[in-house]
>>> print(open('work-v4.cif').read())   # mmCIF, C-alpha atoms
data_input
loop_
_atom_site.label_atom_id
_atom_site.label_comp_id
_atom_site.auth_asym_id
_atom_site.auth_seq_id
_atom_site.Cartn_x
_atom_site.Cartn_y
_atom_site.Cartn_z
CA MET A 1450 101.45 110.33 97.30
CA ILE A 1451 99.32 108.21 99.57
CA ASP A 1452 96.37 110.11 100.97
CA GLU A 1453 93.85 109.30 103.66
CA ARG A 1454 91.45 107.63 101.25
CA ASP A 1455 94.22 105.35 99.99
CA MET A 1456 95.00 104.40 103.59
CA LYS A 1457 91.35 103.48 104.17
CA ILE A 1458 91.37 101.28 101.07
CA ILE A 1459 94.60 99.64 102.25
CA ASP A 1460 93.14 99.03 105.71
CA MET A 1461 90.02 97.39 104.26
CA LEU A 1462 92.05 95.15 101.98
CA ARG A 1463 94.30 94.22 104.87
CA GLU A 1464 91.25 93.13 106.83
CA ASN A 1465 89.96 91.17 103.85
CA ALA A 1466 91.84 91.14 100.59
CA ARG A 1467 88.80 89.71 98.80
CA THR A 1468 86.53 92.66 99.63
CA PRO A 1469 84.77 93.57 96.35
CA HIS A 1470 85.58 97.01 94.96
CA THR A 1471 81.84 97.76 94.98
CA GLU A 1472 81.75 97.26 98.75
CA ILE A 1473 84.82 99.47 99.34
CA ALA A 1474 83.18 102.11 97.12
CA ALA A 1475 79.94 101.96 99.11
CA ARG A 1476 81.77 102.24 102.43
CA LEU A 1477 83.77 105.26 101.25
CA GLY A 1478 80.79 106.83 99.47
CA VAL A 1479 82.44 106.99 96.05
CA GLY A 1480 81.99 105.24 92.73
CA GLU A 1481 83.41 101.82 91.98
CA SER A 1482 85.59 103.14 89.16
CA THR A 1483 87.31 105.52 91.60
CA ILE A 1484 88.24 102.57 93.77
CA ARG A 1485 89.35 100.52 90.80
CA ASN A 1486 91.64 103.34 89.63
CA ARG A 1487 93.10 103.93 93.07
CA VAL A 1488 93.75 100.26 93.68
CA ARG A 1489 95.42 99.96 90.30
CA ALA A 1490 97.63 102.97 91.11
CA LEU A 1491 98.57 101.46 94.49
CA GLU A 1492 99.49 98.20 92.73
CA GLU A 1493 101.47 99.93 89.99
CA ASP A 1494 103.35 102.09 92.49
CA GLY A 1495 104.34 98.95 94.42
CA VAL A 1496 102.48 99.98 97.58
CA ILE A 1497 100.29 96.88 97.39
CA LYS A 1498 102.69 94.06 96.55
CA GLN A 1499 100.48 91.02 96.81
CA TYR A 1500 97.06 89.69 97.75
CA THR A 1501 97.54 86.62 99.86
CA VAL A 1502 96.06 84.24 102.35
CA ILE A 1503 97.03 83.67 105.99
CA THR A 1504 96.94 79.99 106.84
CA ASP A 1505 97.28 78.21 110.16
CA PRO A 1506 100.57 76.28 109.90
CA ALA A 1507 99.43 73.70 112.49
CA LYS A 1508 96.37 72.84 110.40
CA LEU A 1509 98.69 72.14 107.48
CA GLY A 1510 100.80 69.83 109.63
CA TYR A 1511 103.53 72.30 110.58
CA ASN A 1512 103.64 72.25 114.37
CA SER A 1513 106.99 73.90 114.71
CA VAL A 1514 107.28 77.47 113.42
CA ALA A 1515 110.50 79.24 114.35
CA LEU A 1516 112.22 82.52 113.68
CA VAL A 1517 115.82 81.54 113.21
CA GLY A 1518 118.62 84.09 113.43
CA ILE A 1519 121.89 83.14 111.75
CA ASP A 1520 125.33 84.65 112.22
CA VAL A 1521 127.90 84.03 109.54
CA GLU A 1522 131.41 84.93 108.49
CA PRO A 1523 130.87 88.27 106.70
CA GLU A 1524 132.24 86.95 103.40
CA HIS A 1525 129.53 84.28 103.38
CA LEU A 1526 126.60 86.58 104.18
CA LEU A 1527 125.05 86.58 100.74
CA ASP A 1528 125.62 82.91 99.85
CA VAL A 1529 124.16 81.73 103.14
CA ALA A 1530 121.14 84.02 102.65
CA MET A 1531 120.69 82.71 99.09
CA ARG A 1532 121.09 79.06 100.14
CA MET A 1533 118.51 79.56 102.90
CA SER A 1534 116.05 80.96 100.33
CA GLU A 1535 116.28 77.72 98.38
CA PHE A 1536 114.89 75.47 101.13
CA SER A 1537 111.14 74.95 100.82
CA GLU A 1538 110.85 74.77 104.63
CA VAL A 1539 112.11 78.36 104.84
CA LYS A 1540 109.28 80.83 104.29
CA PHE A 1541 111.09 84.11 104.86
CA VAL A 1542 114.71 85.24 104.55
CA ALA A 1543 116.18 88.70 105.07
CA THR A 1544 119.61 90.09 105.74
CA SER A 1545 119.63 92.19 108.88
CA ALA A 1546 121.81 94.23 111.20
CA GLY A 1547 121.84 93.97 114.96
CA ASP A 1548 120.76 90.89 116.86
CA HIS A 1549 121.59 88.57 113.94
CA MET A 1550 122.92 88.94 110.41
CA ILE A 1551 120.26 86.86 108.69
CA MET A 1552 116.69 86.37 109.90
CA THR A 1553 114.58 83.50 108.63
CA GLU A 1554 111.24 81.88 109.32
CA VAL A 1555 111.13 78.10 109.18
CA TRP A 1556 108.10 75.76 109.19
CA LEU A 1557 108.56 72.10 110.18
CA GLU A 1558 106.37 69.24 111.38
CA ASP A 1559 107.72 69.17 114.91
CA GLY A 1560 110.59 70.05 117.22
CA GLY A 1561 112.61 67.01 116.16
CA ALA A 1562 112.39 68.01 112.53
CA LEU A 1563 113.46 71.54 113.47
CA ARG A 1564 116.51 70.22 115.33
CA SER A 1565 117.61 68.07 112.44
CA PHE A 1566 116.96 70.87 109.94
CA ILE A 1567 119.25 73.14 111.96
CA ALA A 1568 121.94 70.50 112.50
CA GLU A 1569 121.92 68.93 109.06
CA LYS A 1570 120.97 71.77 106.77
CA ILE A 1571 121.69 75.19 108.25
CA ARG A 1572 124.83 74.39 110.29
CA LYS A 1573 126.39 72.63 107.31
CA LEU A 1574 126.31 75.70 105.09
CA PRO A 1575 129.85 77.08 104.74
CA GLY A 1576 130.45 80.18 106.85
CA VAL A 1577 127.66 79.66 109.39
CA LYS A 1578 128.95 80.52 112.87
CA SER A 1579 125.83 80.26 114.99
CA VAL A 1580 122.15 79.48 114.63
CA SER A 1581 119.68 80.96 117.14
CA PRO A 1582 116.15 79.61 116.90
CA THR A 1583 113.18 81.26 118.60
CA VAL A 1584 110.27 78.84 118.52
CA ILE A 1585 106.88 80.55 118.29
CA MET A 1586 104.46 79.40 120.96
CA ASP A 1587 101.48 81.64 120.53
CA ASN A 1588 100.74 84.26 117.96
CA TRP A 1589 99.04 87.31 119.41
CA LYS A 1590 98.76 89.80 116.72
CA VAL A 1591 99.23 89.72 113.04
CA ARG A 1592 98.77 92.73 110.87
CA SER A 1593 99.96 92.11 107.41
CA GLY A 1594 103.68 92.61 107.48
CA TYR A 1595 106.77 90.76 106.53
CA LEU A 1596 105.90 87.82 108.71
CA LEU A 1597 102.63 86.04 108.27
CA PRO A 1598 102.81 82.71 110.02
CA MET B 1348 91.77 66.30 106.08
CA ILE B 1349 93.63 68.46 103.64
CA ASP B 1350 94.17 66.74 100.32
CA GLU B 1351 96.27 67.62 97.32
CA ARG B 1352 93.49 69.59 95.65
CA ASP B 1353 93.07 71.73 98.79
CA MET B 1354 96.81 72.43 98.75
CA LEU B 1355 96.59 73.55 95.11
CA ILE B 1356 93.74 75.91 95.98
CA ILE B 1357 95.74 77.31 98.92
CA ASP B 1358 98.79 77.79 96.68
CA ILE B 1359 96.74 79.68 94.10
CA LEU B 1360 95.19 81.93 96.77
CA GLN B 1361 98.57 82.48 98.40
CA GLU B 1362 99.88 83.77 95.07
CA ASN B 1363 96.82 85.93 94.55
CA ALA B 1364 94.00 85.95 97.07
CA ARG B 1365 91.71 87.72 94.61
CA THR B 1366 91.81 84.94 92.03
CA PRO B 1367 88.16 84.35 91.00
CA TYR B 1368 86.75 80.93 91.88
CA THR B 1369 85.88 80.43 88.21
CA GLU B 1370 89.57 80.73 87.34
CA ILE B 1371 90.67 78.34 90.11
CA ALA B 1372 87.99 75.92 88.88
CA ALA B 1373 89.25 76.15 85.31
CA ARG B 1374 92.85 75.57 86.37
CA LEU B 1375 91.93 72.49 88.40
CA GLY B 1376 89.43 71.24 85.81
CA VAL B 1377 86.45 71.15 88.18
CA GLY B 1378 83.27 73.15 88.60
CA GLU B 1379 83.11 76.52 90.35
CA SER B 1380 80.75 75.21 93.04
CA ALA B 1381 83.30 72.55 94.00
CA ILE B 1382 85.88 75.27 94.58
CA ARG B 1383 83.44 77.44 96.51
CA LYS B 1384 82.62 74.50 98.82
CA ARG B 1385 86.24 73.59 99.39
CA VAL B 1386 87.26 77.16 100.16
CA LYS B 1387 84.35 77.48 102.58
CA ALA B 1388 85.40 74.23 104.29
CA LEU B 1389 89.02 75.46 104.55
CA GLU B 1390 87.80 78.72 106.10
CA GLU B 1391 85.49 76.94 108.54
CA ALA B 1392 88.22 74.52 109.59
CA GLY B 1393 90.52 77.48 110.27
CA VAL B 1394 93.09 76.37 107.70
CA ILE B 1395 92.53 79.66 105.89
CA GLU B 1396 92.50 82.29 108.63
CA SER B 1397 92.16 85.42 106.55
CA TYR B 1398 92.86 87.14 103.25
CA THR B 1399 95.20 90.07 103.37
CA ILE B 1400 97.56 92.24 101.37
CA VAL B 1401 101.32 92.53 101.55
CA VAL B 1402 102.35 96.17 101.38
CA ASN B 1403 105.74 97.77 100.93
CA PRO B 1404 106.40 99.54 104.25
CA ALA B 1405 108.87 101.99 102.68
CA LYS B 1406 106.16 103.26 100.31
CA LEU B 1407 104.02 104.06 103.34
CA GLY B 1408 106.88 105.97 104.96
CA TYR B 1409 108.20 103.18 107.19
CA ASN B 1410 111.88 102.91 106.41
CA SER B 1411 112.81 100.93 109.48
CA VAL B 1412 111.34 97.46 109.81
CA SER B 1413 112.81 95.24 112.49
CA LEU B 1414 112.32 91.95 114.21
CA VAL B 1415 112.79 92.71 117.87
CA GLY B 1416 113.34 89.96 120.42
CA LEU B 1417 112.57 90.72 124.07
CA ASP B 1418 113.77 89.00 127.21
CA VAL B 1419 111.72 89.63 130.30
CA GLU B 1420 111.40 88.48 133.88
CA PRO B 1421 109.17 85.43 133.86
CA THR B 1422 106.65 87.11 136.18
CA HIS B 1423 106.12 89.88 133.60
CA PHE B 1424 106.10 87.64 130.56
CA LEU B 1425 102.41 87.90 129.72
CA ASP B 1426 101.88 91.58 130.58
CA VAL B 1427 104.82 92.64 128.44
CA ALA B 1428 103.47 90.62 125.49
CA ILE B 1429 100.02 92.18 125.92
CA ARG B 1430 101.41 95.70 126.28
CA MET B 1431 103.42 95.20 123.10
CA THR B 1432 100.26 94.33 121.14
CA GLU B 1433 98.80 97.71 122.12
CA PHE B 1434 101.35 99.82 120.21
CA PRO B 1435 100.21 100.54 116.65
CA GLU B 1436 103.87 100.47 115.51
CA VAL B 1437 104.04 96.80 116.49
CA LYS B 1438 102.71 94.59 113.71
CA PHE B 1439 103.38 91.15 115.14
CA VAL B 1440 103.79 89.77 118.65
CA ALA B 1441 104.36 86.16 119.64
CA THR B 1442 105.44 84.46 122.81
CA SER B 1443 108.34 82.15 122.11
CA THR B 1444 111.05 79.99 123.54
CA GLY B 1445 114.70 79.81 122.65
CA ASP B 1446 116.71 82.81 121.53
CA HIS B 1447 114.10 85.25 122.94
CA MET B 1448 110.93 85.04 125.03
CA ILE B 1449 108.84 87.42 122.97
CA MET B 1450 109.27 88.17 119.26
CA THR B 1451 107.85 91.28 117.68
CA GLU B 1452 107.89 93.05 114.35
CA ILE B 1453 108.03 96.83 114.46
CA TRP B 1454 107.57 99.41 111.71
CA LEU B 1455 108.94 102.92 112.19
CA LYS B 1456 109.85 105.95 110.13
CA ASP B 1457 113.61 105.59 110.49
CA GLY B 1458 116.43 104.31 112.64
CA ARG B 1459 116.23 107.21 115.03
CA ALA B 1460 112.53 106.56 115.66
CA LEU B 1461 113.39 102.91 116.35
CA GLY B 1462 116.04 103.95 118.88
CA GLU B 1463 113.53 106.20 120.62
CA PHE B 1464 110.78 103.59 120.55
CA ILE B 1465 113.08 101.02 122.16
CA ALA B 1466 114.40 103.43 124.78
CA GLU B 1467 111.17 105.21 125.64
CA LYS B 1468 108.46 102.66 125.07
CA ILE B 1469 109.79 99.11 125.27
CA GLY B 1470 112.60 99.83 127.72
CA ARG B 1471 110.13 101.39 130.16
CA LEU B 1472 107.81 98.39 130.37
CA GLU B 1473 108.20 96.73 133.72
CA GLY B 1474 110.17 93.50 133.67
CA VAL B 1475 111.98 94.00 130.35
CA HIS B 1476 115.62 92.91 130.66
CA ARG B 1477 116.90 93.06 127.15
CA VAL B 1478 115.71 94.33 123.79
CA CYS B 1479 117.45 92.81 120.76
CA PRO B 1480 116.54 94.39 117.44
CA ALA B 1481 117.47 92.85 114.10
CA VAL B 1482 116.90 95.61 111.56
CA ILE B 1483 115.80 94.19 108.22
CA MET B 1484 118.08 95.27 105.40
CA GLU B 1485 116.95 93.28 102.40
CA LYS B 1486 114.22 90.72 102.03
CA LEU B 1487 115.31 87.80 99.86
CA LYS B 1488 112.34 85.53 100.24
CA ALA B 1489 108.81 85.89 101.50
CA ARG B 1490 105.66 83.96 100.83
#
>>> encode(input="work-v4.cif", output="structure tokens")
Amino acid sequence: MIDERDMKIIDMLRENARTPHTEIAARLGVGESTIRNRVRALEEDGVIKQYTVITDPAKLGYNSVALVGIDVEPEHLLDVAMRMSEFSEVKFVATSAGDHMIMTEVWLEDGGALRSFIAEKIRKLPGVKSVSPTVIMDNWKVRSGYLLP
Amino acid sequence: MIDERDMLIIDILQENARTPYTEIAARLGVGESAIRKRVKALEEAGVIESYTIVVNPAKLGYNSVSLVGLDVEPTHFLDVAIRMTEFPEVKFVATSTGDHMIMTEIWLKDGRALGEFIAEKIGRLEGVHRVCPAVIMEKLKAR
């Protein structure tokens, strides 16, 4: 079970995943080995899945970041989702229910590249019925979640 | 300018943000101080914005994660986006164009809580026309 102290550790690592265990220990007023053991337990239980970095896509040359919803013939749901996962431009893929059947996040150099990616790559996958891009203009809040543009 | 060595460093940190600089240095065959300097430059240039963890929402009791698109009256566009950032359940908010005007990511206990959150919180914000949730079923790829 996750207790309050675990949540504090998670919050600190969310703020800065490189925070040394000694610093977390000092802030919580416990020994470093306690923190080390708790962090290891959180990792082993799959609560903490990964330590990662948030980059600015524009600074890496990706000026067009879009969340793209895809609707497909039901019998093609899984192959389209798998095919989408294979493109390096696609950073996130999930099957979903509601607004769209597949949700993806796509990074491209510019709007032109996004258009041709949709027309020439996504729309050509068998079973794709419609592609609905939402182009991100300004990112207001990111807490570590599924989407980390 | 970002060169190939910077990209390798970013890739290594994306895989594991706690990788020690000494290990990155060894993998790239350079000294630790070179790595330290490059990482500092990437941070100062804003290429690296922050270091964070990816958690499994279900293990924290959030069984309903959705990407929720909002359509609003243009005059209320900015206030709705700002109000959305104020809810702790909302993990991501961006203004956008295309399919929806505002995109959000929302974590809740279950589907019923999502229904209530949409009806009682989002639906009551002034200027909101339409709320379109896509409830995540299975994640196939994520950085």
>>> residues_around(input="work-v4.cif", residues="region 1551-1560 of chain A", least_positions_apart="2", cutoff="6 Å", atoms="all atoms listed in the file", output="PyMOL selection string")
chain A and resi 1510-1519+1538-1545+1549+1562-1563
>>> resolve_selection(input="work-v4.cif", expression="the PyMOL selection byres ((chain B) within 7 of (chain A))", output="PyMOL selection string")
chain B and resi 1360-1365+1393-1403+1406+1432+1438-1447+1479-1490
>>> residues_around(input="work-v4.cif", residues="Pro1435 (chain B)", least_positions_apart="4", cutoff="9 Å", atoms="all atoms listed in the file", output="PyMOL selection string")
chain B and resi 1431+1453-1454
>>> write_last_selection(input="work-v4.cif", atoms="C-alpha atoms", output="mmCIF file, keeping the file's coordinate frame")
data_model
loop_
_atom_site.group_PDB
_atom_site.id
_atom_site.type_symbol
_atom_site.label_atom_id
_atom_site.label_comp_id
_atom_site.auth_asym_id
_atom_site.auth_seq_id
_atom_site.Cartn_x
_atom_site.Cartn_y
_atom_site.Cartn_z
ATOM 1 C CA MET B 1431 103.420 95.200 123.100
ATOM 2 C CA ILE B 1453 108.030 96.830 114.460
ATOM 3 C CA TRP B 1454 107.570 99.410 111.710
#
>>> closest_residue(input="work-v4.cif", among="A:Arg1487, A:Leu1526, A:Phe1536, A:Glu1472", to="Pro1575 (chain A)", atoms="all atoms listed in the file")
A:Leu1526
>>> residues_around(input="work-v4.cif", residues="Leu1375 (chain B)", least_positions_apart="3", cutoff="9 Å", atoms="all atoms listed in the file", output="VMD selection string")
chain B and resid 1352 1355 to 1356 1370 to 1372 1378
>>> atom_distance(input="work-v4.cif", atom1="CA of Pro1523 (chain A)", atom2="CA of Ala1568 (chain A)")
20.7 Å
>>> axis_aligned_box(input="work-v4.cif", around="region 1435-1440 of chain B", padding_each_side="6 Å", output="JSON")
{"center_x": 102.1, "center_y": 95.2, "center_z": 116.2, "size_x": 15.8, "size_y": 22.8, "size_z": 16.9}
>>> atom_distance(input="work-v4.cif", atom1="CA of Ile1465 (chain B)", atom2="CA of Val1529 (chain A)")
29.3 Å
